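The next block is structure.txt, given as compact mmCIF, C-alpha atoms and all ligand atoms.
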# COMPACT_ATOMS: atom_id res chain seq x y z
CA MET A 14 -16.18 102.98 -71.91
CA VAL A 15 -15.15 99.82 -70.05
CA VAL A 16 -13.41 101.96 -67.41
CA ALA A 17 -16.56 104.03 -66.84
CA GLU A 18 -18.57 100.84 -66.46
CA ASP A 19 -16.04 99.49 -63.90
CA ASP A 20 -16.16 102.75 -61.94
CA LYS A 21 -19.92 102.49 -61.73
CA ILE A 22 -19.71 98.94 -60.39
CA ILE A 23 -17.07 99.88 -57.82
CA LYS A 24 -19.09 102.87 -56.60
CA LYS A 25 -22.22 100.76 -56.30
CA ARG A 26 -20.30 98.09 -54.33
CA ASP A 27 -18.79 100.70 -52.00
CA LYS A 28 -22.24 102.17 -51.37
CA MET A 29 -23.63 98.72 -50.58
CA GLU A 30 -20.70 98.02 -48.23
CA LYS A 31 -21.36 101.31 -46.37
CA GLU A 32 -25.02 100.45 -45.93
CA LYS A 33 -24.22 97.07 -44.36
CA ILE A 34 -24.47 96.74 -40.61
CA THR A 35 -21.76 94.92 -38.65
CA VAL A 36 -22.65 92.32 -36.05
CA GLU A 37 -19.96 90.71 -33.90
CA PRO A 38 -20.03 86.90 -34.04
CA ALA A 39 -20.10 85.10 -30.66
CA ARG A 40 -16.85 85.48 -28.69
CA LYS A 41 -16.67 81.70 -28.41
CA LEU A 42 -15.74 81.55 -32.07
CA ASN A 43 -12.59 83.53 -31.37
CA GLN A 44 -11.54 81.00 -28.75
CA LEU A 45 -11.49 78.22 -31.32
CA PRO A 46 -8.15 77.38 -32.86
CA PRO A 47 -8.08 77.68 -36.67
CA TYR A 48 -9.99 74.69 -38.09
CA LEU A 49 -7.26 72.11 -38.73
CA PHE A 50 -8.38 71.00 -42.13
CA GLY A 51 -9.11 74.58 -43.14
CA ALA A 52 -5.39 75.34 -42.83
CA ILE A 53 -4.52 72.20 -44.79
CA ASP A 54 -7.05 73.11 -47.47
CA VAL A 55 -5.43 76.50 -47.97
CA LEU A 56 -2.09 74.76 -48.44
CA LYS A 57 -3.60 72.26 -50.85
CA LYS A 58 -5.35 74.93 -52.93
CA GLU A 59 -2.11 76.82 -53.19
CA ALA A 60 -0.35 73.64 -54.34
CA TYR A 61 -3.05 72.96 -56.96
CA ARG A 62 -2.72 76.56 -58.12
CA LYS A 63 0.98 75.97 -58.65
CA LYS A 64 -0.01 72.88 -60.67
CA LEU A 65 1.68 70.53 -58.21
CA ASP A 66 0.56 66.90 -58.35
CA VAL A 67 -0.91 66.77 -54.83
CA ILE A 68 -0.78 63.52 -52.83
CA ASP A 69 -3.32 64.07 -50.09
CA LEU A 70 -2.50 62.28 -46.83
CA GLY A 71 -4.04 65.07 -44.76
CA MET A 72 -7.63 64.49 -43.78
CA GLY A 73 -8.84 61.09 -42.49
CA ASN A 74 -11.31 60.89 -45.33
CA PRO A 75 -11.64 57.27 -46.55
CA ASP A 76 -10.97 57.04 -50.30
CA MET A 77 -12.41 53.59 -50.87
CA PRO A 78 -16.05 53.47 -52.00
CA THR A 79 -18.94 52.42 -49.79
CA PRO A 80 -19.58 48.69 -50.42
CA GLY A 81 -22.02 48.02 -53.27
CA HIS A 82 -24.70 46.23 -51.25
CA ILE A 83 -25.05 49.31 -48.99
CA VAL A 84 -25.24 51.68 -51.95
CA GLU A 85 -27.85 49.46 -53.60
CA ARG A 86 -29.93 49.46 -50.45
CA LEU A 87 -29.95 53.25 -50.43
CA CYS A 88 -30.87 53.52 -54.13
CA ASP A 89 -33.64 50.96 -53.81
CA THR A 90 -35.07 52.56 -50.68
CA VAL A 91 -35.08 56.07 -52.09
CA LYS A 92 -36.61 54.90 -55.36
CA ASN A 93 -39.20 52.44 -54.15
CA HIS A 94 -40.13 53.55 -50.65
CA PRO A 95 -41.29 57.16 -50.82
CA LYS A 96 -42.43 57.04 -47.21
CA THR A 97 -38.76 57.28 -46.31
CA HIS A 98 -38.74 60.76 -47.87
CA ARG A 99 -40.66 62.16 -44.92
CA TYR A 100 -39.12 63.45 -41.70
CA PRO A 101 -37.34 60.58 -39.92
CA GLN A 102 -37.80 59.47 -36.33
CA ALA A 103 -35.29 61.73 -34.66
CA LYS A 104 -33.93 59.25 -32.13
CA GLY A 105 -33.59 56.61 -34.85
CA MET A 106 -36.22 54.18 -36.15
CA PRO A 107 -36.78 51.07 -33.99
CA LYS A 108 -35.15 48.86 -36.63
CA PHE A 109 -31.99 51.00 -36.59
CA ARG A 110 -31.76 51.01 -32.79
CA LYS A 111 -32.39 47.26 -32.64
CA THR A 112 -29.61 46.69 -35.17
CA VAL A 113 -27.25 48.79 -33.06
CA ALA A 114 -28.18 46.71 -30.00
CA ASP A 115 -27.65 43.47 -31.95
CA TRP A 116 -24.28 44.71 -33.16
CA TYR A 117 -23.19 45.39 -29.58
CA SER A 118 -24.44 42.00 -28.49
CA LYS A 119 -22.62 40.15 -31.32
CA ARG A 120 -19.48 42.22 -31.47
CA CYS A 121 -18.92 43.14 -27.82
CA ASP A 122 -21.17 40.81 -25.82
CA VAL A 123 -22.87 43.89 -24.38
CA SER A 124 -26.57 44.19 -23.78
CA ILE A 125 -28.08 47.47 -25.02
CA ASN A 126 -31.76 48.25 -24.64
CA PRO A 127 -32.76 49.58 -28.08
CA GLU A 128 -35.64 51.51 -26.53
CA ASN A 129 -33.60 53.90 -24.41
CA GLU A 130 -29.91 53.03 -24.60
CA ALA A 131 -29.27 53.76 -28.29
CA LEU A 132 -29.60 56.93 -30.33
CA ALA A 133 -29.04 57.60 -34.05
CA LEU A 134 -26.63 60.43 -34.89
CA ILE A 135 -25.97 62.48 -38.01
CA GLY A 136 -22.41 61.19 -37.81
CA SER A 137 -20.70 60.81 -34.45
CA LYS A 138 -19.16 64.29 -34.75
CA GLU A 139 -22.65 65.76 -34.43
CA GLY A 140 -23.35 63.81 -31.24
CA ILE A 141 -19.98 64.70 -29.73
CA ALA A 142 -20.59 68.42 -30.25
CA HIS A 143 -24.14 68.18 -28.93
CA ILE A 144 -23.29 66.16 -25.82
CA CYS A 145 -21.20 69.16 -24.74
CA MET A 146 -24.17 71.47 -25.23
CA ALA A 147 -26.38 69.04 -23.38
CA TYR A 148 -24.16 68.92 -20.29
CA LEU A 149 -21.97 71.98 -19.99
CA ASN A 150 -22.93 75.32 -18.49
CA ASP A 151 -20.70 78.35 -18.94
CA SER A 152 -17.24 77.71 -17.46
CA ASP A 153 -17.89 74.06 -16.62
CA VAL A 154 -14.75 71.96 -16.84
CA ALA A 155 -14.39 68.99 -19.17
CA LEU A 156 -11.37 66.68 -19.41
CA VAL A 157 -9.95 66.04 -22.84
CA THR A 158 -6.79 64.43 -24.13
CA ASN A 159 -4.19 66.62 -25.81
CA PRO A 160 -3.74 65.86 -28.70
CA CYS A 161 -7.30 64.86 -29.60
CA TYR A 162 -9.77 64.62 -32.46
CA PRO A 163 -10.52 68.36 -32.70
CA VAL A 164 -14.26 68.29 -31.99
CA HIS A 165 -13.63 66.81 -28.52
CA ARG A 166 -11.98 70.07 -27.49
CA ASN A 167 -13.87 72.45 -29.77
CA GLY A 168 -17.23 71.00 -28.75
CA ILE A 169 -16.40 71.90 -25.14
CA ILE A 170 -15.40 75.45 -26.11
CA LEU A 171 -18.48 75.97 -28.30
CA ALA A 172 -20.69 74.92 -25.40
CA GLY A 173 -19.05 77.55 -23.19
CA GLY A 174 -17.07 74.99 -21.21
CA VAL A 175 -13.40 74.98 -20.28
CA PRO A 176 -11.24 72.12 -21.56
CA TYR A 177 -8.70 70.67 -19.11
CA ASP A 178 -5.85 68.92 -20.90
CA MET A 179 -4.88 65.34 -20.20
CA PRO A 180 -1.53 65.18 -22.04
CA ILE A 181 -0.91 62.01 -24.01
CA ASN A 182 2.56 61.37 -25.37
CA GLU A 183 5.26 58.76 -25.82
CA ASN A 184 6.02 58.74 -22.08
CA ASN A 185 2.54 57.55 -21.14
CA ASN A 186 1.96 55.43 -24.27
CA TYR A 187 -0.62 58.01 -25.32
CA ILE A 188 -2.92 57.03 -22.46
CA PRO A 189 -3.89 59.74 -19.94
CA VAL A 190 -2.47 59.39 -16.44
CA LEU A 191 -5.58 59.92 -14.34
CA GLU A 192 -3.54 60.24 -11.13
CA ASP A 193 -1.95 63.40 -12.59
CA ILE A 194 -5.27 65.24 -12.70
CA PRO A 195 -5.42 67.48 -9.61
CA LYS A 196 -8.24 66.45 -7.26
CA GLU A 197 -9.85 69.90 -7.36
CA VAL A 198 -9.97 69.74 -11.18
CA ALA A 199 -11.36 66.20 -11.20
CA ASP A 200 -14.01 67.19 -8.63
CA LYS A 201 -15.09 70.12 -10.79
CA ALA A 202 -15.04 68.27 -14.13
CA LYS A 203 -18.37 67.17 -15.60
CA LEU A 204 -17.30 65.35 -18.75
CA MET A 205 -14.34 63.38 -19.98
CA PHE A 206 -13.53 62.53 -23.60
CA ILE A 207 -11.44 59.52 -24.45
CA ASN A 208 -10.93 57.84 -27.81
CA TYR A 209 -9.38 54.43 -28.48
CA PRO A 210 -8.20 53.40 -31.02
CA ASN A 211 -6.97 56.96 -30.94
CA ASN A 212 -6.99 59.63 -33.57
CA PRO A 213 -4.45 61.13 -34.20
CA THR A 214 -1.87 59.06 -32.28
CA THR A 215 -3.11 55.56 -33.32
CA ALA A 216 -2.71 54.42 -29.68
CA VAL A 217 -4.80 51.53 -28.40
CA VAL A 218 -5.79 50.35 -24.93
CA GLU A 219 -6.79 47.17 -23.17
CA SER A 220 -9.89 47.07 -21.00
CA GLY A 221 -7.79 47.57 -17.82
CA PHE A 222 -7.60 51.27 -18.71
CA PHE A 223 -11.37 51.48 -19.00
CA ARG A 224 -11.72 49.91 -15.55
CA LYS A 225 -9.53 52.69 -14.13
CA VAL A 226 -11.58 55.31 -15.97
CA ILE A 227 -14.82 53.96 -14.52
CA GLU A 228 -13.42 54.00 -10.99
CA PHE A 229 -12.14 57.56 -11.50
CA ALA A 230 -15.46 58.72 -12.99
CA LYS A 231 -17.39 57.22 -10.09
CA SER A 232 -15.23 58.84 -7.47
CA HIS A 233 -15.42 62.29 -9.12
CA ASN A 234 -18.89 62.14 -10.67
CA ILE A 235 -17.79 62.57 -14.29
CA LEU A 236 -19.67 61.52 -17.41
CA VAL A 237 -17.31 59.53 -19.64
CA CYS A 238 -17.72 59.90 -23.40
CA HIS A 239 -15.78 57.27 -25.30
CA ASP A 240 -15.28 57.71 -29.02
CA TYR A 241 -15.09 54.30 -30.73
CA ALA A 242 -14.93 55.51 -34.35
CA TYR A 243 -12.02 53.18 -35.26
CA SER A 244 -13.41 50.05 -33.60
CA ASP A 245 -12.85 47.90 -36.67
CA ILE A 246 -9.79 49.39 -38.29
CA THR A 247 -7.40 47.15 -36.37
CA TYR A 248 -4.52 44.88 -37.37
CA ASP A 249 -2.60 41.73 -36.57
CA GLY A 250 -5.25 40.18 -34.37
CA TYR A 251 -5.71 43.21 -32.11
CA SER A 252 -9.37 43.63 -31.20
CA ALA A 253 -10.26 47.06 -29.83
CA PRO A 254 -12.42 46.78 -26.70
CA SER A 255 -15.60 48.78 -26.43
CA PHE A 256 -15.85 50.96 -23.33
CA MET A 257 -19.30 49.42 -22.89
CA GLN A 258 -17.72 46.00 -22.37
CA THR A 259 -16.29 47.05 -19.04
CA GLU A 260 -18.40 46.40 -15.97
CA GLY A 261 -20.04 49.57 -14.71
CA ALA A 262 -19.57 51.48 -18.00
CA LYS A 263 -23.26 52.26 -18.35
CA ASP A 264 -23.26 53.74 -14.82
CA VAL A 265 -20.81 56.43 -15.86
CA GLY A 266 -20.81 56.80 -19.58
CA ILE A 267 -21.72 56.59 -23.19
CA GLU A 268 -19.97 55.52 -26.37
CA PHE A 269 -20.03 57.22 -29.76
CA HIS A 270 -19.75 55.13 -32.86
CA SER A 271 -19.58 55.79 -36.55
CA LEU A 272 -20.12 53.99 -39.83
CA SER A 273 -17.77 56.42 -41.58
CA LYS A 274 -14.56 54.41 -41.24
CA THR A 275 -15.76 50.82 -40.95
CA TYR A 276 -17.92 50.99 -44.09
CA ASN A 277 -16.33 53.94 -45.91
CA MET A 278 -19.49 55.97 -45.34
CA ALA A 279 -17.93 59.25 -44.22
CA GLY A 280 -20.04 61.39 -46.53
CA TRP A 281 -23.31 59.67 -45.62
CA ARG A 282 -23.41 61.15 -42.11
CA VAL A 283 -24.65 58.34 -39.95
CA GLY A 284 -23.48 57.19 -36.56
CA PHE A 285 -24.89 56.34 -33.15
CA CYS A 286 -24.45 56.61 -29.45
CA VAL A 287 -25.15 54.01 -26.76
CA GLY A 288 -24.88 53.95 -22.99
CA GLY A 289 -26.61 54.80 -19.75
CA LYS A 290 -30.17 55.85 -20.58
CA GLU A 291 -30.18 58.80 -18.20
CA PHE A 292 -27.10 60.17 -20.01
CA LEU A 293 -28.63 59.80 -23.46
CA LYS A 294 -31.84 61.63 -22.56
CA PRO A 295 -30.34 65.17 -22.48
CA LEU A 296 -28.58 64.47 -25.80
CA GLU A 297 -31.84 63.27 -27.31
CA LYS A 298 -33.59 66.34 -25.92
CA ILE A 299 -31.13 68.85 -27.33
CA LYS A 300 -31.17 67.09 -30.70
CA SER A 301 -34.95 67.14 -30.79
CA TYR A 302 -34.80 70.95 -30.65
CA LEU A 303 -32.08 71.21 -33.29
CA ASP A 304 -32.42 68.47 -35.89
CA TYR A 305 -34.73 65.80 -37.25
CA GLY A 306 -32.25 62.96 -37.09
CA VAL A 307 -30.88 60.77 -39.86
CA PHE A 308 -32.68 60.41 -43.24
CA THR A 309 -34.70 57.18 -42.97
CA ALA A 310 -33.21 55.73 -46.16
CA LEU A 311 -29.76 56.22 -44.64
CA GLN A 312 -30.82 54.53 -41.42
CA LEU A 313 -31.96 51.53 -43.48
CA SER A 314 -28.68 51.53 -45.38
CA ALA A 315 -26.82 51.60 -42.07
CA VAL A 316 -28.90 48.59 -40.96
CA LYS A 317 -27.77 46.83 -44.14
CA ALA A 318 -24.16 47.74 -43.38
CA LEU A 319 -24.25 46.47 -39.80
CA ASN A 320 -26.28 43.33 -40.53
CA GLY A 321 -24.90 42.50 -43.96
CA PRO A 322 -21.75 40.63 -45.01
CA GLN A 323 -18.67 41.90 -43.19
CA LYS A 324 -16.09 40.79 -45.77
CA CYS A 325 -16.03 44.37 -47.03
CA VAL A 326 -14.60 45.47 -43.66
CA SER A 327 -11.69 43.02 -43.76
CA LYS A 328 -11.04 44.08 -47.36
CA THR A 329 -10.78 47.74 -46.30
CA VAL A 330 -8.54 46.85 -43.36
CA ARG A 331 -6.27 44.72 -45.58
CA GLU A 332 -5.90 47.54 -48.06
CA TYR A 333 -4.99 50.07 -45.35
CA ARG A 334 -2.40 47.64 -44.02
CA ARG A 335 -0.92 47.11 -47.48
CA ARG A 336 -0.51 50.87 -47.83
CA GLN A 337 0.92 51.22 -44.32
CA ASN A 338 3.43 48.43 -44.93
CA LYS A 339 4.63 50.15 -48.07
CA LEU A 340 4.78 53.57 -46.44
CA VAL A 341 6.46 52.50 -43.18
CA GLU A 342 9.10 50.44 -44.95
CA GLY A 343 9.77 53.26 -47.41
CA LEU A 344 9.89 55.98 -44.74
CA ASN A 345 12.44 54.08 -42.70
CA LYS A 346 14.55 53.62 -45.85
CA VAL A 347 14.54 57.35 -46.57
CA GLY A 348 15.52 58.17 -42.99
CA TRP A 349 12.17 58.96 -41.41
CA ASP A 350 11.44 56.83 -38.31
CA ALA A 351 8.09 55.12 -38.68
CA SER A 352 6.35 52.10 -37.21
CA LEU A 353 3.15 50.25 -37.97
CA PRO A 354 0.13 51.15 -35.83
CA ALA A 355 -2.08 48.54 -34.14
CA ALA A 356 -5.17 50.37 -35.38
CA THR A 357 -6.56 53.24 -37.53
CA MET A 358 -5.53 54.21 -41.04
CA TYR A 359 -3.00 56.76 -39.78
CA LEU A 360 0.69 56.97 -39.08
CA TRP A 361 1.72 59.29 -36.25
CA LEU A 362 5.23 60.36 -37.04
CA PRO A 363 7.82 62.44 -35.19
CA LEU A 364 9.33 65.02 -37.54
CA PRO A 365 12.37 63.59 -39.31
CA GLY A 366 15.69 64.28 -37.51
CA LYS A 367 16.89 67.12 -39.76
CA PHE A 368 13.58 68.96 -39.32
CA LYS A 369 13.28 68.58 -35.54
CA ASP A 370 13.68 72.30 -34.90
CA MET A 371 10.72 73.23 -37.08
CA GLY A 372 7.12 73.53 -35.90
CA SER A 373 4.81 70.84 -37.28
CA LEU A 374 2.72 73.42 -39.18
CA GLU A 375 5.81 75.02 -40.69
CA PHE A 376 7.01 71.52 -41.62
CA ALA A 377 3.66 70.59 -43.22
CA GLU A 378 3.72 73.84 -45.20
CA LEU A 379 7.24 73.24 -46.43
CA LEU A 380 6.40 69.63 -47.29
CA ILE A 381 3.42 70.50 -49.46
CA GLU A 382 5.21 73.40 -51.09
CA GLU A 383 8.23 71.30 -52.03
CA THR A 384 6.66 67.90 -52.69
CA GLY A 385 2.90 68.34 -53.11
CA ILE A 386 2.34 65.90 -50.20
CA ALA A 387 -0.32 67.06 -47.73
CA VAL A 388 -0.14 65.82 -44.12
CA ALA A 389 -1.86 66.96 -40.92
CA PRO A 390 0.44 68.92 -38.57
CA GLY A 391 0.37 67.54 -35.00
CA ILE A 392 -0.19 71.00 -33.51
CA GLY A 393 -3.63 71.02 -35.15
CA PHE A 394 -4.71 68.31 -32.69
CA GLY A 395 -3.41 70.17 -29.62
CA SER A 396 -0.22 71.66 -28.25
CA TYR A 397 1.13 68.26 -27.18
CA GLY A 398 0.88 67.13 -30.79
CA GLU A 399 3.71 69.51 -31.66
CA GLY A 400 6.74 67.75 -33.13
CA PHE A 401 4.58 65.21 -34.98
CA VAL A 402 2.58 64.92 -38.17
CA ARG A 403 -0.23 62.54 -39.01
CA MET A 404 -0.36 60.78 -42.35
CA ALA A 405 -3.67 59.27 -43.43
CA THR A 406 -3.27 56.35 -45.82
CA VAL A 407 -6.31 57.40 -47.82
CA THR A 408 -4.95 57.44 -51.31
CA HIS A 409 -4.38 54.76 -53.91
CA PHE A 410 -1.58 52.24 -53.20
CA GLN A 411 0.28 53.22 -56.40
CA ARG A 412 0.67 56.79 -55.15
CA PHE A 413 2.89 55.78 -52.23
CA HIS A 414 5.77 54.85 -54.50
CA ASP A 415 5.74 58.36 -55.91
CA ALA A 416 5.27 59.90 -52.44
CA LEU A 417 8.34 58.04 -51.16
CA LEU A 418 10.51 59.19 -54.06
CA ARG A 419 9.55 62.78 -53.31
CA LEU A 420 10.12 62.31 -49.57
CA LYS A 421 13.55 60.82 -50.18
CA GLU A 422 14.65 63.95 -52.01
CA PHE A 423 12.96 66.25 -49.49
CA ILE A 424 14.71 64.62 -46.54
CA ARG A 425 18.06 64.47 -48.33
CA LYS A 426 17.86 68.19 -48.98
CA GLY A 427 16.88 69.02 -45.40
CA PRO A 428 15.28 72.25 -44.20
CA PRO A 429 16.10 75.56 -45.88
CA LYS A 430 19.25 77.20 -44.43
C1 LIG B 501 -12.01 59.96 -33.43
C2 LIG B 501 -13.07 60.34 -34.40
N1 LIG B 501 -14.32 60.44 -33.97
C3 LIG B 501 -15.33 60.79 -34.80
C4 LIG B 501 -15.06 61.09 -36.13
C5 LIG B 501 -16.19 61.55 -37.00
O1 LIG B 501 -16.99 60.52 -37.37
P1 LIG B 501 -18.35 60.78 -38.13
O2 LIG B 501 -18.04 60.76 -39.57
O3 LIG B 501 -19.23 59.66 -37.68
O4 LIG B 501 -18.88 62.11 -37.68
C6 LIG B 501 -13.76 61.01 -36.61
C7 LIG B 501 -13.48 61.35 -38.01
O5 LIG B 501 -12.38 61.45 -38.46
C8 LIG B 501 -12.74 60.63 -35.73
O6 LIG B 501 -11.47 60.56 -36.13

Serialized structure, structure tokens:
Amino acid sequence: MVVAEDDKIIKKRDKMEKEKITVEPARKLNQLPPYLFGAIDVLKKEAYRKKLDVIDLGMGNPDMPTPGHIVERLCDTVKNHPKTHRYPQAKGMPKFRKTVADWYSKRCDVSINPENEALALIGSKEGIAHICMAYLNDSDVALVTNPCYPVHRNGIILAGGVPYDMPINENNNYIPVLEDIPKEVADKAKLMFINYPNNPTTAVVESGFFRKVIEFAKSHNILVCHDYAYSDITYDGYSAPSFMQTEGAKDVGIEFHSLSKTYNMAGWRVGFCVGGKEFLKPLEKIKSYLDYGVFTALQLSAVKALNGPQKCVSKTVREYRRRQNKLVEGLNKVGWDASLPAATMYLWLPLPGKFKDMGSLEFAELLIEETGIAVAPGIGFGSYGEGFVRMATVTHFQRFHDALLRLKEFIRKGPPK
């Protein structure tokens, strides 16, 4: 009886499958590398299935909660101000843009005109992807570091553009050597993505590098897009310069910024972009055709975050440092070379000696299978990230003790023969 019932279901499904049409997705999608965190997720799910106690140091997803005063602002606004439930002002409400301008004035001593030099974003990732669509025609060249935060490269590909790699590695302190870019490539390039403090490598720069970038951009007519997502996750007195602080920056570029890391608001989806008004216009235009901007209640919460007490930021930074201290000290003890970064909540680590011959993805797979520890393989950020993994210190301090015990055994054992 049950079998007959099953047969019926299978036949019906087969019939439905046959009646379906097939439509090829855009070819661009095939050019994208596998989504980095998709691969990690598969590994994690498999580990959960095996009932492993997973310690997730993979995605840069802040684990600490959004500070209470920001949460309260959101709850109060949603509850008591129903006007905020309507469509928002797509480019950002005046109060939001003014707050962004004030933040730049206070934090970076930079003057931003809130009217036309600031734009609200549904997280900076959204703006980064859309700036590519706003500027790139099919086959246009855009310069991007390798390794990079994946959407810098994938945004170019999705817009039909062609990424040109600027390798960053230990030899150049993870800062692109602009002189190495062939003149004919630089002359063709329309956009350049840079990101300091850098994800995934944790590298930082001083403003001298930005001066060089501006000179380069002027001589080759390139729009510079600086990603400043980790502006405030910095340590030991290092203060990360804004690209906008450098003279001439607005003549050649824009800067993307995010509340995700500074205020642990990754899930809220709110960020912004500032810079030369003529560069923001096409981004605003493309967004106006595609989205309605950031929920007004979120914009008001972001205002609260940027204008409110900043002790919460130092608390977050202190906690990341505490975790990094524990992890770096422990890693060195178990025979894995590690050093403290000047910024970000990551560690960028060369594969431990015994595992040097493995690929970073193979290593990350082995690591999660044997220890339940998830890390991001360097290759996921670009070919020049091979040989490294990124650890995000986004789990509770207590977990690192356990992680180090597991790593000690893993490294002692070495790779499978
Ligand atoms: C360099 C960099 N830029 C942008 C983002 C995304 O920020 P948002 O949450 O504002 O989209 C991230 C997130 O990890 C990042 O590492």

So, with all atoms listed in the file as the atoms that count, which of A:Tyr177, A:Phe368, A:Trp281, A:Phe256 lies closest to ligand LIG 501 (chain B)? A:Trp281

Counting all atoms listed in the file, what is within 9 Å of segment 200-202 of chain A, bar same-chain residues fewer than 3 positions away, as a VMD selection string? chain A and resid 153 to 156 177 195 to 197 205 232 to 236

Near segment 100-107 of chain A, counting all atoms listed in the file, which residues have an atom at most 6 Å away, once you skip same-chain residues fewer than 4 positions from it, shown as a ChimeraX atom specification? /A:111,132-133,305-306,308-309

Would you name the residues within 6 Å of ligand LIG 501 (chain B), counting all atoms listed in the file, and put them as a PDB file with C-alpha atoms, in the coordinates of the input?
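The resulting out.pdb:
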ATOM      1  CA  GLY A  73      -8.840  61.090 -42.490  1.00  0.00           C
ATOM      2  CA  GLY A 136     -22.410  61.190 -37.810  1.00  0.00           C
ATOM      3  CA  SER A 137     -20.700  60.810 -34.450  1.00  0.00           C
ATOM      4  CA  LYS A 138     -19.160  64.290 -34.750  1.00  0.00           C
ATOM      5  CA  TYR A 162      -9.770  64.620 -32.460  1.00  0.00           C
ATOM      6  CA  ASN A 212      -6.990  59.630 -33.570  1.00  0.00           C
ATOM      7  CA  ASP A 240     -15.280  57.710 -29.020  1.00  0.00           C
ATOM      8  CA  ALA A 242     -14.930  55.510 -34.350  1.00  0.00           C
ATOM      9  CA  SER A 271     -19.580  55.790 -36.550  1.00  0.00           C
ATOM     10  CA  SER A 273     -17.770  56.420 -41.580  1.00  0.00           C
ATOM     11  CA  ALA A 279     -17.930  59.250 -44.220  1.00  0.00           C
ATOM     12  CA  ARG A 282     -23.410  61.150 -42.110  1.00  0.00           C
ATOM     13  CA  GLY A 284     -23.480  57.190 -36.560  1.00  0.00           C
TER      14      GLY A 284
END

Contact residues around Asn74 of chain A with only C-alpha atoms at 10 Å, ignoring same-chain residues under 5 positions, as a ChimeraX atom specification: /A:69,273-274,277-280,358,405-408

Can you pull out the residues contacting Trp349 of chain A? Cut-off 8 Å, using all atoms listed in the file, and skip same-chain residues under 4 positions away; I want them as a list in words.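 What passes the distance filter is Leu344, Asn345, Leu364, Pro365 and Gly366 of chain A.
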
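The closest residue to Val157 of chain A, picked from A:Tyr241, A:Phe206, A:Phe410, A:Trp116 and counting all atoms listed in the file, is A:Phe206.
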
For a test of reading the model, state the distance in Å between atom CA of Lys63 of chain A and atom CA of Leu379 of chain A, rounded to one decimal.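 So the answer is 14.0 Å.
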
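For the pair atom CA of Gly174 of chain A and atom CA of Asn150 of chain A, the interatomic distance is 6.5 Å.
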
Regenerate segment 94-105 of chain A at the level of N, CA and C atoms and dump it as a PDB file, in the coordinates of the input.
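To be explicit, this is the file written out as result.pdb:
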ATOM      1  N   HIS A  94     -39.426  53.394 -51.940  1.00  0.00           N
ATOM      2  CA  HIS A  94     -40.130  53.550 -50.650  1.00  0.00           C
ATOM      3  C   HIS A  94     -40.251  55.029 -50.300  1.00  0.00           C
ATOM      4  N   PRO A  95     -41.183  55.705 -51.003  1.00  0.00           N
ATOM      5  CA  PRO A  95     -41.290  57.160 -50.820  1.00  0.00           C
ATOM      6  C   PRO A  95     -41.637  57.580 -49.391  1.00  0.00           C
ATOM      7  N   LYS A  96     -42.153  56.668 -48.604  1.00  0.00           N
ATOM      8  CA  LYS A  96     -42.430  57.040 -47.210  1.00  0.00           C
ATOM      9  C   LYS A  96     -41.160  57.472 -46.482  1.00  0.00           C
ATOM     10  N   THR A  97     -40.033  56.925 -46.960  1.00  0.00           N
ATOM     11  CA  THR A  97     -38.760  57.280 -46.310  1.00  0.00           C
ATOM     12  C   THR A  97     -38.362  58.729 -46.599  1.00  0.00           C
ATOM     13  N   HIS A  98     -39.103  59.375 -47.521  1.00  0.00           N
ATOM     14  CA  HIS A  98     -38.740  60.760 -47.870  1.00  0.00           C
ATOM     15  C   HIS A  98     -39.263  61.756 -46.840  1.00  0.00           C
ATOM     16  N   ARG A  99     -40.075  61.266 -45.931  1.00  0.00           N
ATOM     17  CA  ARG A  99     -40.660  62.160 -44.920  1.00  0.00           C
ATOM     18  C   ARG A  99     -39.649  62.400 -43.796  1.00  0.00           C
ATOM     19  N   TYR A 100     -40.022  63.254 -42.849  1.00  0.00           N
ATOM     20  CA  TYR A 100     -39.120  63.450 -41.700  1.00  0.00           C
ATOM     21  C   TYR A 100     -38.885  62.108 -41.009  1.00  0.00           C
ATOM     22  N   PRO A 101     -37.627  61.859 -40.606  1.00  0.00           N
ATOM     23  CA  PRO A 101     -37.340  60.580 -39.920  1.00  0.00           C
ATOM     24  C   PRO A 101     -37.738  60.633 -38.448  1.00  0.00           C
ATOM     25  N   GLN A 102     -37.641  59.481 -37.799  1.00  0.00           N
ATOM     26  CA  GLN A 102     -37.800  59.470 -36.330  1.00  0.00           C
ATOM     27  C   GLN A 102     -36.480  59.940 -35.749  1.00  0.00           C
ATOM     28  N   ALA A 103     -36.530  61.044 -35.050  1.00  0.00           N
ATOM     29  CA  ALA A 103     -35.290  61.730 -34.660  1.00  0.00           C
ATOM     30  C   ALA A 103     -34.339  60.831 -33.870  1.00  0.00           C
ATOM     31  N   LYS A 104     -34.859  60.040 -32.944  1.00  0.00           N
ATOM     32  CA  LYS A 104     -33.930  59.250 -32.130  1.00  0.00           C
ATOM     33  C   LYS A 104     -33.440  57.999 -32.867  1.00  0.00           C
ATOM     34  N   GLY A 105     -33.944  57.803 -34.074  1.00  0.00           N
ATOM     35  CA  GLY A 105     -33.590  56.610 -34.850  1.00  0.00           C
ATOM     36  C   GLY A 105     -34.801  55.690 -34.873  1.00  0.00           C
TER      37      GLY A 105
END
